[in-house]
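Presented below is the structure to which this report refers.
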Amino acid sequence: MRVKYYMGTILVALAVSMSSAYAQTTSMLDVLDIDLAGNKPNEAFKILDQNGNGAISSVEWRLRILTIFFKKDGDEDGFLDRKDIPGISDTLFAQIDMNGDGRIAASEWTDRRTVRHSDIDKNKDGSISLDELKAFAKK
């Protein structure tokens, strides 16, 4: 039963997050749960490029973000609350929690918490190259 719930949540989150109406996002790399800032973009690229084709598609990007969501969901209720994200500021939690219900759904997580794929894809070809990821990591 939980598997059906999670799959449904993932599908809804993907549909919502891939819509053209994106909310303003924060530029926090910790959502990726990888070390871009620590001069390890090659390792990060390998993690994000799940099919190994040398480019990170928007689907690979979103799947990584959703993976982190479910990894952080300690009580497996399909939502993140403050205990699932230790140390999060009230301001950031409120930014992510778009409906103000005190918990973060997968769709809120993908819309508000992440660096957008398009923020890194500077040549707008629909994929992030290793060079684009390295340039972004230097910011």
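Ordering of the structure tokens sets the chain letters (A, B, ...), residue numbers begin anew at 1 in every chain, and ligands are numbered from 1 in the order given.
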Inset, instruction - Please provide as a PyMOL selection string all residues within 6 Å of stretch 123-132 of chain A, with the sequence filter that same-chain residues fewer than 5 positions apart are discarded (counting only C-alpha atoms). - result: chain A and resi 55-57
Inset, instruction - Give me the residues within 10 Å of A:Leu63 as number ranges by chain, counting only C-alpha atoms and dropping any in the same chain fewer than 2 places off. - result: A: 10, 14, 48, 50, 57-61, 65-69, 110
Next, write the just-selected residues to a file, as a CSV table (one decimal), in the first residue's frame, keeping C-alpha atoms as the atom set.
```
chain,number,residue,atom,x,y,z
A,10,ILE,CA,6.1,10.8,-7.2
A,14,LEU,CA,6.7,15.1,-11.3
A,48,LEU,CA,23.3,13.0,-11.3
A,50,GLN,CA,22.1,8.4,-14.0
A,57,SER,CA,18.5,15.8,-18.2
A,58,SER,CA,15.7,17.6,-16.4
A,59,VAL,CA,14.2,14.3,-15.5
A,60,GLU,CA,17.4,13.0,-13.9
A,61,TRP,CA,17.6,16.3,-12.0
A,65,ILE,CA,15.5,15.8,-5.9
A,66,LEU,CA,12.6,13.5,-5.2
A,67,THR,CA,15.0,10.8,-4.0
A,68,ILE,CA,16.3,13.2,-1.4
A,69,PHE,CA,12.8,14.1,-0.4
A,110,THR,CA,10.5,20.2,-5.9
```
Legend entry - Long-range neighbours of A:Ile96 as JSON, numbers by chain, 6 Å cut-off, only C-alpha atoms, 2 positions minimum in chain: {"A": [93, 94, 98, 108, 112]}
Output N, CA and C atoms for every residue in that selection, as a PDB file, in the first residue's frame.
```
ATOM      1  N   PHE A  93      11.631  27.243   5.907  1.00  0.00           N
ATOM      2  CA  PHE A  93      10.539  26.270   5.988  1.00  0.00           C
ATOM      3  C   PHE A  93       9.248  26.890   5.451  1.00  0.00           C
ATOM      4  N   ALA A  94       8.978  28.127   5.841  1.00  0.00           N
ATOM      5  CA  ALA A  94       7.760  28.810   5.381  1.00  0.00           C
ATOM      6  C   ALA A  94       7.787  29.042   3.874  1.00  0.00           C
ATOM      7  N   MET A  98       4.350  25.928   0.858  1.00  0.00           N
ATOM      8  CA  MET A  98       3.535  26.909   0.126  1.00  0.00           C
ATOM      9  C   MET A  98       2.118  27.041   0.653  1.00  0.00           C
ATOM     10  N   GLU A 108       5.780  20.591  -3.177  1.00  0.00           N
ATOM     11  CA  GLU A 108       6.338  21.819  -2.606  1.00  0.00           C
ATOM     12  C   GLU A 108       7.862  21.742  -2.576  1.00  0.00           C
ATOM     13  N   ARG A 112       9.963  24.628  -4.583  1.00  0.00           N
ATOM     14  CA  ARG A 112      10.550  25.702  -3.802  1.00  0.00           C
ATOM     15  C   ARG A 112      11.977  25.480  -3.336  1.00  0.00           C
TER      16      ARG A 112
END
```
Legend entry - Which of stretch 51-129 of chain A DSSP labels strand (DSSP E), written as number ranges by chain: A: 56-57, 127-128
Selected residues, N, CA and C atoms, written as a PDB file, in the first residue's frame, please.
```
ATOM      1  N   ILE A  56      23.087  15.725 -17.939  1.00  0.00           N
ATOM      2  CA  ILE A  56      22.068  15.590 -16.905  1.00  0.00           C
ATOM      3  C   ILE A  56      20.773  16.187 -17.437  1.00  0.00           C
ATOM      4  N   SER A  57      19.795  15.335 -17.678  1.00  0.00           N
ATOM      5  CA  SER A  57      18.506  15.816 -18.188  1.00  0.00           C
ATOM      6  C   SER A  57      17.677  16.383 -17.041  1.00  0.00           C
ATOM      7  N   SER A 127      20.001  20.029 -21.348  1.00  0.00           N
ATOM      8  CA  SER A 127      20.847  19.138 -20.552  1.00  0.00           C
ATOM      9  C   SER A 127      21.957  19.942 -19.888  1.00  0.00           C
ATOM     10  N   ILE A 128      22.412  19.432 -18.752  1.00  0.00           N
ATOM     11  CA  ILE A 128      23.540  20.056 -18.054  1.00  0.00           C
ATOM     12  C   ILE A 128      24.792  19.263 -18.383  1.00  0.00           C
TER      13      ILE A 128
END
```
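Distances to A:Gly100 were evaluated for A:Asp81, A:Gly87, A:Phe70, A:Ile120 using only C-alpha atoms, and the minimum falls at A:Asp81.
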Inset, instruction - Name the residues in contact with A:Lys83 at a cut-off of 12 Å, using only C-alpha atoms, excluding same-chain residues fewer than 3 positions from it; report them as a PyMOL selection string. - result: chain A and resi 72-75+79-80+86-89+93+102-104
Legend entry - Counting only C-alpha atoms, the option among A:Asp121, A:Glu43, A:Ala135, A:Trp109 closest to A:Leu92: A:Trp109
